[in-house]
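J.: Have a look at this one.
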Amino acid sequence: MPANLTYLGVELARPRVAFFELSSCEGCQLQLLNNEATLLDFLSLVEVVRFREGMTEAGDDYAVAFVEGSVTRADQELQLAEIRKKAKVMVAFGSCACFGGVNQLKNRFSDQEWVKREVYGDFHVDTQLARPISDVVKVDLMIYGCPVKKEEVERIVTDLLLGKAINHPKYPVCMECKANENICLFDLGEPCLGPVTRAGCDAWCPSNRMGCWGCRGPADAANIPQMARIMAEHGFSTETLLDRLECFGGFAAHVEEIRKKG
Amino acid sequence: MVEKIAFVDVLKDKAVDDLLHDLSRFEYTYKAEITNVYPLTQTERLYQIQIKDPDERNRFIFRPGQFVMLELPGIGESPFSISSSPLRRGDIELCIRGVGNLTNFLARLERGAEVGISGPFGTSFPVETMQGQNIMLIAGGLGLVPLRAPILHVLEHRSRYGEVDIIYGAKQPSELLFTYQYEMWRKFDISLNIIVDKADESWQGPVGLITETLKERIVVRNAETLASNTFAIVCGPPVMFKYVCKMLTEAGLPMQKMFVSLERRMHCGRGKCCRCNIGSTYTCLEGPVFDYWTVMNLKEAI
Amino acid sequence: MIFKVFAKDELTRLFEVLSVNRVVGPVQKGLDRKNRPIYSFEVVDNFDDLRLDYPSTLYPAKRYFLPFEETLSSFTLESGSWEKHVDYNVYQPQVMFGMHACDINALNKLDKVLINSVHPTPYYASKRRNMFIIGIECMPQPHCFCRSMGADTVQHGFDMFLTDLGDRYFAEILSSTAYNYLLKIKTMEASETDHQEYRQVVREKSSKFTTHVDTTDLTKILDMEFQADVWKQWGDKCLSCGTCANVCPTCYCYGVQETVDMNLQAATKTKQLYSCNLIDFAEVAGGHNFRPEAHIRLKYRYYHKHRGFVEAFEESLCVGCGRCGESCLANINVPEVIASVRYEE
């Protein structure tokens with residue numbers, strides 16, 4: 001493993017990175033391990049000191065922390081504070097960490113005790129509302145997606161190492177969907193959040209004829225009122241729109257506004 | 001017997017010596033070397049860059065006001081106005097502020113590092129047409145960067161020009177560029193007038209907006225010479241040149257004798273990507289140097 | 001121009017003769033929710049897959065000339081030094097079997113800015129020069145306004161253009177390559193009857209347009225109405241999603257991205273077609289955005305198409321294919337936008 005990395009003659013420090021998981025399926029971390037072809041290259045860029053899914057050792061000396069999952073318990077808040085103290089760069093890894101993810105769907109229910117009984121029965125679990133990690137600590141970088149896209153993570157890590165700014169696409173999924181020359185899902189009679197959701201996934205779902213559920217949160221110029229009109233024009237109810245907007249938590253502010261208007 | 005359609009090698013279509021129409025030039029980059037780096041301020045550095053191949057170096061000529069695209073493989077490519085004298089062959093100076101991926105990485109490179117250069121591109125200040133007349137060069141902040149090439153041209157051909165004023169405004173004294181050359185400019189009979197928004201302990205000169213200094217110089221140079229015998233070159237932030245050009249117009253300077261250099265983000269520099277378009281005018285082809293009449297007709301310029 | 005006619009079944013033979021090359025043509029891609037067929041330009045191996053009577057395609061054939069993403073160059077790096085490698089990504093000629101006049105006109109317009117200008121781009125030129133184009137006459141659809149844009153007929157930029165005369169095709173032959181290929185099938189000299197029938201088809205086409213755009217003095221009107229409120233109304237609808245640019249046969253704007261391989265030994269410079277409606281189209285290093293609002297970006301799009309290009313080339317950059325309006329989920333379409341700017345609604 002090279003001790004020193006250089007690019008164009010500039011020495012680059014190989015960052016020590018650690019992976020953590022809060023309430024999540026750990027599927028985002030699995031994405032990285034899935035990529036055997038480039039795994040060795042990835043490991044030559046960074047020094048992984050902690051990665052539960054891939055190694056036994058668990059080091060505490062790291063500069064970059066990738067945190068997957070949302071905050072749903074009090075002890076996770078303490079854990080996050082500890083990680084934040086050590087990490088120079090705090091990365092929210094995947095939709096759960098960025099927005100609360102699928103977990104935050106439980107926040108829709110007014111009676112949280114009922115939710116606990118339904119899910120856990122008599123088994124006592126001390127859970128709170130699901131929150132994004134930015135509610136608890138300062139986050140330096142978001143990596144969106146449910147799950148994250150491995151090619152994108154690899155590019156982001158390479159750019160971090162080089163000191164390049166991490167720029168997510170500001171435009172919506174439609175741009176990538178049309179670049180793939182897909183038939184618009186609305187033309188096929190399906191709802192889709194592609195017009196308002198941040199791109200970067202290469203229109204993963206729409207290219208497989210699945211309407212977008214907004215896992216990457218809103219694009220920079222997301223026109224939600226127009227999205228609502230489009231859904232209505234195509235015969236989809238406000239509830240269908242809200243179900244989608246609420247699925248990953250990225251559109252929380254917009255949902256609140258729509259609900260307020262009734 | 002059926003034959004395939006013959007393959008056409010497009011590179012053989014055009015005369016190789018026609019640089020502007022040679023297809024192989026489109027993505028061609030001169031390999032160049034950073035021969036020197038000189039910090040001008042906390043954020044701006046002056047890079048001396050030399051094209052490596054001696055033949056290419058000798059062939060590289062530019063006019064004051066033109067720009068080059070500078071490329072670092074895998075990092076990025078951006079336009080930079082050439083700040084050195086056109087008399088220097090193939091060895092150019094670029095004054096660069098670290099604000100993006102490319103410029104920040106550039107700041108980490110050492111002397112001797114290899115970079116890519118293409119160009120020169122764009123329009124230039126008509127310094128030949130300006131001969132025999134007075135010139136006012138007005139710069140705000142980084143706006144001095146594209147003005148340094150015409151300034152050096154005037155210095156090198158001093159006898160061909162009348163009275164020369166440089167009016168230069170900066171936020172604070174620490175942001176002034178090319179301070180080491182001010183003495184030389186003044187010795188060549190150039191009236192250098194500097195004003196800062198905010199003084200520090202060392203600052204002896206005037207404090208205020210550039211328009212105040214300009215107002216004084218307009219009085220000195222009087223309405224008659226402004227109307228009949230003066231060219232102006234203006235570069236700075238949009239708000240600044242809007243006011244400056246308005247003042248000069250009111251003082252009688254004809255719009256077509258006023259030149260500005262505009263800045264836009266470019267991805268190609270070759271009139272293809274449309275990213276630098278103002279209205280529907282390509283800054284990279286029809287600019288970056290425009291006369292003020294043209295600017296007035298560009299819907300989005302100011 | 002040389003004209004020939006040939007029996008319809010001879011076209012199968014012509015396809016076979018040409019199919020030693022890569023052939024791209026209109027095929028049915030699927031059905032929409034109302035069971036209407038959707039057409040697309042795809043690589044075709046079998047003549048029976050071709051749908052030459054297609055009304056229009058969802059996407060233009062642009063990706064065969066101007067791919068959405070294309071590598072401009074790649075770099076290999078070694079100890080501080082680097083080498084740049086350029087590849088135009090063209091290895092074989094292609095046959096475009098069945099393009100409508102609007103789409104060929106689109107290529108002619110792209111030629112002006114991408115080939116016949118300073119700094120011509122070899123990526124496009126190499127693909128364009130290695131295309132054998134067979135045009136085919138069409139009947140206007142409700143969204144077509146090519147006639148208003150002067151793009152309902154095409155004079156050049158193809159090798160052969162076919163018009164369906166019922167039992168036979170009327171062929172305009174523009175290139176020697178086309179002439180030579182036609183020698184491989186049974187053709188006849190066009191007779192006066194053929195000419196008459198051809199004129200009849202053209203007359204019928206002309207009479208069938210239902211959508212019109214008034215382009216009289218449009219460049220001036222766009223300048224006059226630069227601050228008009230109608231732009232804001234359209235801007236409120238705009239999703240800033242870039243769909244209109246991606247389905248447009250003439251949109252060529254792009255962005256460049258440079259990426260470094262994970263092994264730090266190589267880098268790639270990639271071009272992606274971009275859209276002037278995307279929020280960061282005119283954003284500069286440091287963050288300033290020259291067009292921060294949707295309506296300003298939308299207006300710019302119309303300016304480029306209907307004013308700037310006219311100023312530069314004395315013709316609009318729009319061919320009136322109507323695809324942008326058909327694909328826009330917000331129902332923003334050229335005829336209505338221009339009518340509103342002219343206060344004709």
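Residues in the structure tokens are numbered from 1 in each chain, the chains being A, B, ... in the order shown, and ligands are numbered from 1 in the order shown.
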I need the contact residues of chain C against chain A, so if you could list those with any atom within 7 Å, counting only C-alpha atoms, and return them as an mmCIF file with C-alpha atoms, in the first residue's frame, that would help.

T.:
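Result file iface.cif:
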```
data_model
loop_
_atom_site.group_PDB
_atom_site.id
_atom_site.type_symbol
_atom_site.label_atom_id
_atom_site.label_comp_id
_atom_site.auth_asym_id
_atom_site.auth_seq_id
_atom_site.Cartn_x
_atom_site.Cartn_y
_atom_site.Cartn_z
ATOM 1 C CA ASP C 32 -48.053 5.017 -23.874
ATOM 2 C CA ARG C 33 -50.837 4.825 -21.295
ATOM 3 C CA TYR C 59 -36.366 11.925 -29.097
ATOM 4 C CA PHE C 68 -25.464 13.191 -24.277
ATOM 5 C CA SER C 79 5.470 11.265 -11.956
ATOM 6 C CA GLY C 80 4.139 14.770 -12.386
ATOM 7 C CA SER C 81 4.053 14.620 -16.183
ATOM 8 C CA LYS C 237 -44.377 26.831 -14.539
ATOM 9 C CA LEU C 239 -39.385 22.892 -13.721
ATOM 10 C CA SER C 240 -35.800 23.836 -14.708
ATOM 11 C CA CYS C 241 -35.374 20.166 -15.597
ATOM 12 C CA GLY C 242 -33.690 20.364 -18.994
ATOM 13 C CA THR C 243 -36.196 18.074 -20.714
ATOM 14 C CA ASN C 246 -32.693 16.915 -24.221
ATOM 15 C CA MET C 262 -9.089 6.194 -8.429
ATOM 16 C CA ASN C 263 -5.598 4.881 -9.174
ATOM 17 C CA LEU C 264 -4.465 8.494 -9.753
ATOM 18 C CA LEU C 278 -30.722 24.178 -15.442
ATOM 19 C CA ILE C 279 -30.141 26.397 -12.433
ATOM 20 C CA LEU C 329 -44.697 18.241 -18.156
ATOM 21 C CA ALA C 330 -45.506 21.899 -17.480
#
```

J.: For chain B, report every residue with an atom at most 10 Å from chain A (counting only C-alpha atoms), formatted as a list in words.

T.: Leu72, Pro73, Gly74, Ile75, Gly76, Gly100, Asn101, Leu102, Asn104, Phe105, Leu106, Arg108, Leu109, Glu110, Gly112, Ala113, Glu114 and Val115 of chain B

J.: Quick one: write out the picked residues with C-alpha atoms as a tab-separated table (two decimals), in the first residue's frame?

T.:
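This is the output file again.tsv:
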```tsv
chain	number	residue	atom	x	y	z
B	72	LEU	CA	-4.92	20.67	-15.32
B	73	PRO	CA	-5.71	17.06	-16.25
B	74	GLY	CA	-8.54	15.70	-14.13
B	75	ILE	CA	-8.89	18.97	-12.21
B	76	GLY	CA	-10.41	21.37	-14.69
B	100	GLY	CA	-12.37	27.08	-7.60
B	101	ASN	CA	-11.05	23.57	-8.09
B	102	LEU	CA	-8.61	24.49	-10.81
B	104	ASN	CA	-6.94	26.07	-5.79
B	105	PHE	CA	-5.07	23.07	-7.12
B	106	LEU	CA	-2.88	25.35	-9.21
B	108	ARG	CA	-0.45	23.81	-4.74
B	109	LEU	CA	1.76	23.26	-7.79
B	110	GLU	CA	5.46	23.94	-7.64
B	112	GLY	CA	8.35	23.21	-12.96
B	113	ALA	CA	4.87	21.67	-12.93
B	114	GLU	CA	3.28	20.82	-16.27
B	115	VAL	CA	0.03	22.49	-17.30
```

J.: Extract, using only C-alpha atoms, all DNA, RNA and protein residues at most 9 Å from Ala7 in chain C, discarding same-chain residues fewer than 3 positions from it, and format them as a PyMOL selection string.

T.: chain C and resi 10-11+167-169+186-188

J.: Keeping only N, CA and C atoms, write the selected residues as a PDB file, in the first residue's frame.

T.:
```
ATOM      1  N   GLU C  10     -38.829  -2.640 -53.558  1.00  0.00           N
ATOM      2  CA  GLU C  10     -37.394  -2.457 -53.839  1.00  0.00           C
ATOM      3  C   GLU C  10     -36.660  -1.853 -52.633  1.00  0.00           C
ATOM      4  N   LEU C  11     -37.454  -1.191 -51.760  1.00  0.00           N
ATOM      5  CA  LEU C  11     -36.829  -0.548 -50.595  1.00  0.00           C
ATOM      6  C   LEU C  11     -36.199  -1.596 -49.667  1.00  0.00           C
ATOM      7  N   ASP C 167     -47.816   3.219 -54.379  1.00  0.00           N
ATOM      8  CA  ASP C 167     -47.199   1.928 -54.701  1.00  0.00           C
ATOM      9  C   ASP C 167     -45.701   2.053 -54.969  1.00  0.00           C
ATOM     10  N   ARG C 168     -45.192   3.281 -54.946  1.00  0.00           N
ATOM     11  CA  ARG C 168     -43.772   3.472 -55.261  1.00  0.00           C
ATOM     12  C   ARG C 168     -43.215   4.658 -54.484  1.00  0.00           C
ATOM     13  N   TYR C 169     -41.900   4.729 -54.442  1.00  0.00           N
ATOM     14  CA  TYR C 169     -41.234   5.866 -53.802  1.00  0.00           C
ATOM     15  C   TYR C 169     -40.659   6.805 -54.847  1.00  0.00           C
ATOM     16  N   LYS C 186     -33.899  -1.919 -58.650  1.00  0.00           N
ATOM     17  CA  LYS C 186     -34.592  -1.567 -59.884  1.00  0.00           C
ATOM     18  C   LYS C 186     -35.241  -0.197 -59.756  1.00  0.00           C
ATOM     19  N   THR C 187     -34.777   0.782 -60.517  1.00  0.00           N
ATOM     20  CA  THR C 187     -35.384   2.114 -60.468  1.00  0.00           C
ATOM     21  C   THR C 187     -35.808   2.533 -61.873  1.00  0.00           C
ATOM     22  N   MET C 188     -36.647   3.564 -61.924  1.00  0.00           N
ATOM     23  CA  MET C 188     -37.048   4.124 -63.210  1.00  0.00           C
ATOM     24  C   MET C 188     -36.845   5.631 -63.175  1.00  0.00           C
TER      25      MET C 188
END
```

J.: Report, in Å to a single decimal, how far apart CA of Thr163 in chain C and CA of Thr12 in chain C are.

T.: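 So the answer is 15.4 Å.
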
J.: Restrict the distance test to only C-alpha atoms, flag each residue of chain C within 7 Å of chain B, and return the flagged residues as an MDAnalysis selection string.

T.: chainID C and resid 17 20:21 75 80:81 92:93 114 118:122 125:126 129:130 253:256 258:260 267:269 281:286 300 303:304 308

J.: Could you write out, as an MDAnalysis selection string, all the residues of range 170-254 of chain B that DSSP marks as strand (DSSP E)?

T.: chainID B and resid 170 190:196 230:235

J.: Name the residues of range 143-179 of chain A that come out as alpha helix (DSSP H) in a backbone DSSP run; write them as a list in words.

T.: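 Output for range 143-179 of chain A, alpha helix (DSSP H) only: Lys150, Glu151, Glu152, Val153, Glu154, Arg155, Ile156, Val157, Thr158, Asp159, Leu160, Leu161, Leu162, Val173, Cys174, Met175, Glu176, Cys177, Lys178 and Ala179 of chain A.
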
J.: Write the residues of the selection above to a file with C-alpha atoms, as a short mmCIF file (atom, residue, chain, number, x, y, z; two decimals), in the first residue's frame.

T.:
```
data_model
loop_
_atom_site.label_atom_id
_atom_site.label_comp_id
_atom_site.auth_asym_id
_atom_site.auth_seq_id
_atom_site.Cartn_x
_atom_site.Cartn_y
_atom_site.Cartn_z
CA LYS A 150 -21.02 3.45 -5.50
CA GLU A 151 -19.56 5.20 -8.55
CA GLU A 152 -20.57 8.50 -7.06
CA VAL A 153 -19.04 7.66 -3.68
CA GLU A 154 -15.80 6.67 -5.38
CA ARG A 155 -15.70 9.93 -7.29
CA ILE A 156 -16.46 11.95 -4.17
CA VAL A 157 -13.73 10.21 -2.17
CA THR A 158 -11.24 10.79 -5.01
CA ASP A 159 -12.24 14.45 -5.15
CA LEU A 160 -11.94 14.80 -1.35
CA LEU A 161 -8.44 13.40 -1.53
CA LEU A 162 -7.53 15.83 -4.32
CA VAL A 173 -33.61 13.56 -12.21
CA CYS A 174 -35.53 14.38 -15.44
CA MET A 175 -32.27 15.64 -16.94
CA GLU A 176 -30.60 12.25 -16.52
CA CYS A 177 -33.76 10.34 -17.37
CA LYS A 178 -34.04 12.15 -20.71
CA ALA A 179 -30.33 11.65 -21.36
#
```
